[in-house]
Amino acid sequence: WRDDAAYAEDPLGELQRLYQSFKGRAEEVPSLDDEAREETAKLQAGDEENLALWRQFVSVSLAEFDRIYGRLGVAFDVVHGESHYRDELQGLVQELLEKGLAVVDDGAVVFPFEAEDGAGLGKNPMLIRKRDGAALYATTDLATVRDRVRRWNPERIVYVTDLRQKLHFRQVFAASKKWGYTQ
């Protein structure tokens, strides 16, 4: 669906157009959602064609981030996108399963919470691997917390996010605590 001329002229604009148009296309052709999930699983499994496209899109995105942050006078010592942890995700899920912190539920893997966890999550499990083997934001966020603690042993990690992500990060932080990576 990519317009190669538009991509050559404005790569980020074309990627945004594709991203925004997908929802409408998937409403017309519901099987596109399944195809997208399959492609995501292939990417996470190391499919070369998907990796080549992904590297291209990451490069475009990072260039735009750098441009905006440069205008704001913001610089980073280290930048790791969520995909930085791609090779660790399946091992992370396996470790959580082996430690009894995660469980298989209808073919997927979830991190369950109980009322006594103190996070107020009750029985709202956090999905960390889909049935098709694909990882999710929760999986990469757990890998990120683990990496930051191992690498820098910080006193505090501060996240600034949209309020709509409140439940997600409450789950991530509660899981990280139960896993032994935060207090």
# chains A, B, ... in the order shown; residues from 1 in each chain; ligands from 1
>>> select_by_dssp(residues="stretch 4-180 of chain A", states="strand (DSSP E)", output="number ranges by chain")
A: 103-105, 108-111, 126-129
>>> select_by_dssp(residues="stretch 7-166 of chain A", states="helix (DSSP H, G or I)", output="ChimeraX atom specification")
/A:7-9,11-28,31-44,48-72,82-98,115-117,137-152,163-166
>>> write_last_selection(atoms="C-alpha atoms", output="short mmCIF file (atom, residue, chain, number, x, y, z; two decimals), in the first residue's frame")
data_model
loop_
_atom_site.label_atom_id
_atom_site.label_comp_id
_atom_site.auth_asym_id
_atom_site.auth_seq_id
_atom_site.Cartn_x
_atom_site.Cartn_y
_atom_site.Cartn_z
CA TYR A 7 7.76 7.72 0.83
CA ALA A 8 10.80 9.10 -1.01
CA GLU A 9 9.57 12.68 -0.53
CA PRO A 11 9.01 9.00 4.61
CA LEU A 12 7.52 9.79 8.00
CA GLY A 13 4.39 11.30 6.48
CA GLU A 14 3.87 8.22 4.33
CA LEU A 15 4.39 5.89 7.29
CA GLN A 16 1.87 7.91 9.28
CA ARG A 17 -0.63 7.75 6.41
CA LEU A 18 -0.24 3.98 6.24
CA TYR A 19 -0.59 3.60 10.00
CA GLN A 20 -3.71 5.73 10.14
CA SER A 21 -5.33 4.11 7.11
CA PHE A 22 -4.91 0.57 8.42
CA LYS A 23 -7.82 0.76 10.86
CA GLY A 24 -10.28 1.70 8.11
CA ARG A 25 -8.94 -1.00 5.81
CA ALA A 26 -9.17 -3.60 8.59
CA GLU A 27 -12.78 -2.64 9.27
CA GLU A 28 -13.52 -3.42 5.62
CA SER A 31 -8.66 -10.65 8.20
CA LEU A 32 -6.08 -7.85 7.92
CA ASP A 33 -5.85 -7.74 11.72
CA ASP A 34 -4.81 -11.41 11.74
CA GLU A 35 -2.32 -10.78 8.94
CA ALA A 36 -0.83 -7.87 10.90
CA ARG A 37 -0.45 -10.06 13.99
CA GLU A 38 1.24 -12.76 11.87
CA GLU A 39 3.68 -10.20 10.44
CA THR A 40 4.45 -8.91 13.94
CA ALA A 41 5.16 -12.45 15.13
CA LYS A 42 7.40 -13.01 12.08
CA LEU A 43 9.28 -9.78 12.79
CA GLN A 44 9.83 -10.77 16.41
CA GLU A 48 14.68 -11.01 7.27
CA GLU A 49 12.20 -9.21 5.01
CA ASN A 50 10.31 -7.77 7.97
CA LEU A 51 13.56 -6.89 9.75
CA ALA A 52 14.79 -4.95 6.69
CA LEU A 53 11.56 -2.92 6.58
CA TRP A 54 11.63 -2.42 10.34
CA ARG A 55 15.23 -1.11 10.23
CA GLN A 56 14.21 1.32 7.51
CA PHE A 57 11.21 2.57 9.52
CA VAL A 58 13.22 2.86 12.75
CA SER A 59 15.81 4.96 10.94
CA VAL A 60 13.13 7.32 9.63
CA SER A 61 11.48 7.59 13.04
CA LEU A 62 14.72 8.20 14.94
CA ALA A 63 15.73 10.93 12.51
CA GLU A 64 12.46 12.73 13.22
CA PHE A 65 12.83 12.26 16.98
CA ASP A 66 16.35 13.68 16.79
CA ARG A 67 15.10 16.68 14.83
CA ILE A 68 12.37 17.46 17.36
CA TYR A 69 14.55 16.86 20.42
CA GLY A 70 17.27 19.01 18.82
CA ARG A 71 14.81 21.91 18.51
CA LEU A 72 14.01 21.48 22.20
CA GLU A 82 11.29 -1.07 22.45
CA SER A 83 12.73 -3.23 19.67
CA HIS A 84 16.16 -3.12 21.34
CA TYR A 85 14.95 -5.96 23.57
CA ARG A 86 13.53 -8.14 20.77
CA ASP A 87 16.02 -10.96 21.25
CA GLU A 88 15.39 -11.15 25.02
CA LEU A 89 11.61 -11.39 25.03
CA GLN A 90 11.00 -15.12 24.64
CA GLY A 91 13.66 -15.91 27.26
CA LEU A 92 12.08 -13.36 29.60
CA VAL A 93 8.67 -15.01 29.22
CA GLN A 94 10.24 -18.44 29.77
CA GLU A 95 11.97 -17.20 32.94
CA LEU A 96 8.69 -15.82 34.31
CA LEU A 97 6.99 -19.14 33.57
CA GLU A 98 9.79 -21.14 35.24
CA ALA A 115 -5.51 -8.72 45.63
CA GLU A 116 -2.66 -9.25 48.11
CA ASP A 117 -0.10 -7.92 45.59
CA TYR A 137 4.43 -3.70 25.03
CA ALA A 138 4.20 -5.25 28.49
CA THR A 139 6.90 -7.75 27.57
CA THR A 140 9.28 -5.08 26.28
CA ASP A 141 8.50 -2.82 29.22
CA LEU A 142 9.48 -5.61 31.62
CA ALA A 143 12.69 -6.17 29.65
CA THR A 144 13.37 -2.43 29.83
CA VAL A 145 12.97 -2.29 33.61
CA ARG A 146 15.24 -5.32 34.03
CA ASP A 147 17.89 -3.81 31.75
CA ARG A 148 17.85 -0.43 33.50
CA VAL A 149 18.18 -2.01 36.93
CA ARG A 150 20.98 -4.33 35.81
CA ARG A 151 22.85 -1.69 33.80
CA TRP A 152 22.57 1.40 36.00
CA LEU A 163 -3.06 8.86 31.58
CA ARG A 164 -4.58 6.22 29.30
CA GLN A 165 -1.53 4.05 30.04
CA LYS A 166 -2.05 4.14 33.80
#
>>> closest_residue(among="A:Pro30, A:Gly180, A:Gly133, A:Pro154", to="A:Gly107", atoms="only C-alpha atoms")
A:Gly133
>>> decode(residues="stretch 65-81 of chain A", atoms="all heavy atoms", output="compact mmCIF listing (two decimals), in the first residue's frame")
# COMPACT_ATOMS: atom_id res chain seq x y z
N PHE A 65 12.68 12.02 15.54
CA PHE A 65 12.83 12.26 16.98
C PHE A 65 14.01 13.17 17.25
O PHE A 65 13.93 14.12 18.02
CB PHE A 65 13.02 10.94 17.75
CG PHE A 65 11.83 10.03 17.76
CD1 PHE A 65 12.01 8.66 17.87
CD2 PHE A 65 10.53 10.51 17.67
CE1 PHE A 65 10.92 7.80 17.89
CE2 PHE A 65 9.43 9.66 17.69
CZ PHE A 65 9.64 8.30 17.80
N ASP A 66 15.14 12.87 16.60
CA ASP A 66 16.35 13.68 16.79
C ASP A 66 16.11 15.12 16.38
O ASP A 66 16.57 16.05 17.04
CB ASP A 66 17.53 13.10 15.99
CG ASP A 66 18.06 11.81 16.59
OD1 ASP A 66 17.74 11.51 17.76
OD2 ASP A 66 18.80 11.10 15.87
N ARG A 67 15.39 15.32 15.30
CA ARG A 67 15.10 16.68 14.83
C ARG A 67 14.28 17.45 15.87
O ARG A 67 14.61 18.58 16.23
CB ARG A 67 14.35 16.63 13.50
CG ARG A 67 14.12 18.00 12.86
CD ARG A 67 13.24 17.90 11.62
NE ARG A 67 11.85 17.59 11.92
CZ ARG A 67 10.97 18.45 12.44
NH1 ARG A 67 11.33 19.68 12.74
NH2 ARG A 67 9.72 18.08 12.68
N ILE A 68 13.24 16.81 16.38
CA ILE A 68 12.37 17.46 17.36
C ILE A 68 13.13 17.71 18.67
O ILE A 68 13.08 18.80 19.23
CB ILE A 68 11.09 16.63 17.60
CG1 ILE A 68 10.23 16.64 16.33
CG2 ILE A 68 10.31 17.16 18.80
CD1 ILE A 68 9.10 15.64 16.34
N TYR A 69 13.81 16.69 19.17
CA TYR A 69 14.55 16.86 20.42
C TYR A 69 15.64 17.92 20.25
O TYR A 69 15.92 18.68 21.19
CB TYR A 69 15.15 15.54 20.88
CG TYR A 69 14.13 14.60 21.48
CD1 TYR A 69 14.03 13.28 21.05
CD2 TYR A 69 13.27 15.02 22.48
CE1 TYR A 69 13.10 12.41 21.60
CE2 TYR A 69 12.34 14.17 23.04
CZ TYR A 69 12.25 12.86 22.59
OH TYR A 69 11.33 12.01 23.14
N GLY A 70 16.25 17.98 19.08
CA GLY A 70 17.27 19.01 18.82
C GLY A 70 16.68 20.41 18.95
O GLY A 70 17.31 21.31 19.51
N ARG A 71 15.48 20.60 18.41
CA ARG A 71 14.81 21.91 18.51
C ARG A 71 14.54 22.28 19.97
O ARG A 71 14.52 23.45 20.34
CB ARG A 71 13.49 21.90 17.74
CG ARG A 71 13.69 21.93 16.23
CD ARG A 71 12.38 21.92 15.49
NE ARG A 71 11.57 23.09 15.86
CZ ARG A 71 10.27 23.18 15.65
NH1 ARG A 71 9.62 22.18 15.08
NH2 ARG A 71 9.60 24.26 16.00
N LEU A 72 14.31 21.26 20.79
CA LEU A 72 14.01 21.48 22.20
C LEU A 72 15.27 21.55 23.06
O LEU A 72 15.19 21.81 24.26
CB LEU A 72 13.11 20.37 22.73
CG LEU A 72 11.73 20.27 22.08
CD1 LEU A 72 11.02 18.99 22.52
CD2 LEU A 72 10.89 21.49 22.45
N GLY A 73 16.42 21.30 22.46
CA GLY A 73 17.67 21.31 23.21
C GLY A 73 17.83 20.09 24.10
O GLY A 73 18.53 20.13 25.11
N VAL A 74 17.20 18.99 23.72
CA VAL A 74 17.25 17.76 24.52
C VAL A 74 18.22 16.79 23.86
O VAL A 74 18.18 16.58 22.65
CB VAL A 74 15.84 17.11 24.62
CG1 VAL A 74 15.92 15.77 25.32
CG2 VAL A 74 14.88 18.04 25.32
N ALA A 75 19.09 16.20 24.67
CA ALA A 75 20.03 15.20 24.17
C ALA A 75 19.99 13.99 25.11
O ALA A 75 19.69 14.13 26.30
CB ALA A 75 21.44 15.78 24.13
N PHE A 76 20.26 12.84 24.56
CA PHE A 76 20.24 11.60 25.34
C PHE A 76 21.61 10.94 25.27
O PHE A 76 22.26 10.96 24.24
CB PHE A 76 19.19 10.63 24.79
CG PHE A 76 17.79 11.15 24.89
CD1 PHE A 76 17.19 11.77 23.80
CD2 PHE A 76 17.08 11.04 26.07
CE1 PHE A 76 15.90 12.25 23.89
CE2 PHE A 76 15.79 11.52 26.17
CZ PHE A 76 15.19 12.13 25.08
N ASP A 77 22.01 10.33 26.38
CA ASP A 77 23.25 9.56 26.40
C ASP A 77 23.04 8.20 25.76
O ASP A 77 23.92 7.66 25.11
CB ASP A 77 23.73 9.36 27.84
CG ASP A 77 24.12 10.67 28.50
OD1 ASP A 77 24.59 11.59 27.80
OD2 ASP A 77 23.92 10.78 29.72
N VAL A 78 21.85 7.63 25.98
CA VAL A 78 21.52 6.29 25.48
C VAL A 78 20.09 6.31 24.97
O VAL A 78 19.21 6.85 25.63
CB VAL A 78 21.64 5.23 26.61
CG1 VAL A 78 21.24 3.86 26.11
CG2 VAL A 78 23.04 5.20 27.19
N VAL A 79 19.87 5.72 23.82
CA VAL A 79 18.52 5.58 23.28
C VAL A 79 18.30 4.12 22.91
O VAL A 79 19.04 3.56 22.10
CB VAL A 79 18.30 6.46 22.02
CG1 VAL A 79 16.93 6.21 21.43
CG2 VAL A 79 18.49 7.93 22.35
N HIS A 80 17.32 3.52 23.56
CA HIS A 80 16.93 2.15 23.24
C HIS A 80 15.43 2.15 22.98
O HIS A 80 14.65 2.41 23.88
CB HIS A 80 17.20 1.19 24.40
CG HIS A 80 18.64 0.94 24.65
ND1 HIS A 80 19.10 0.54 25.88
CD2 HIS A 80 19.72 1.01 23.86
CE1 HIS A 80 20.41 0.38 25.82
NE2 HIS A 80 20.81 0.66 24.61
N GLY A 81 15.05 1.86 21.77
CA GLY A 81 13.64 1.70 21.47
C GLY A 81 13.16 0.36 21.98
O GLY A 81 13.95 -0.49 22.41
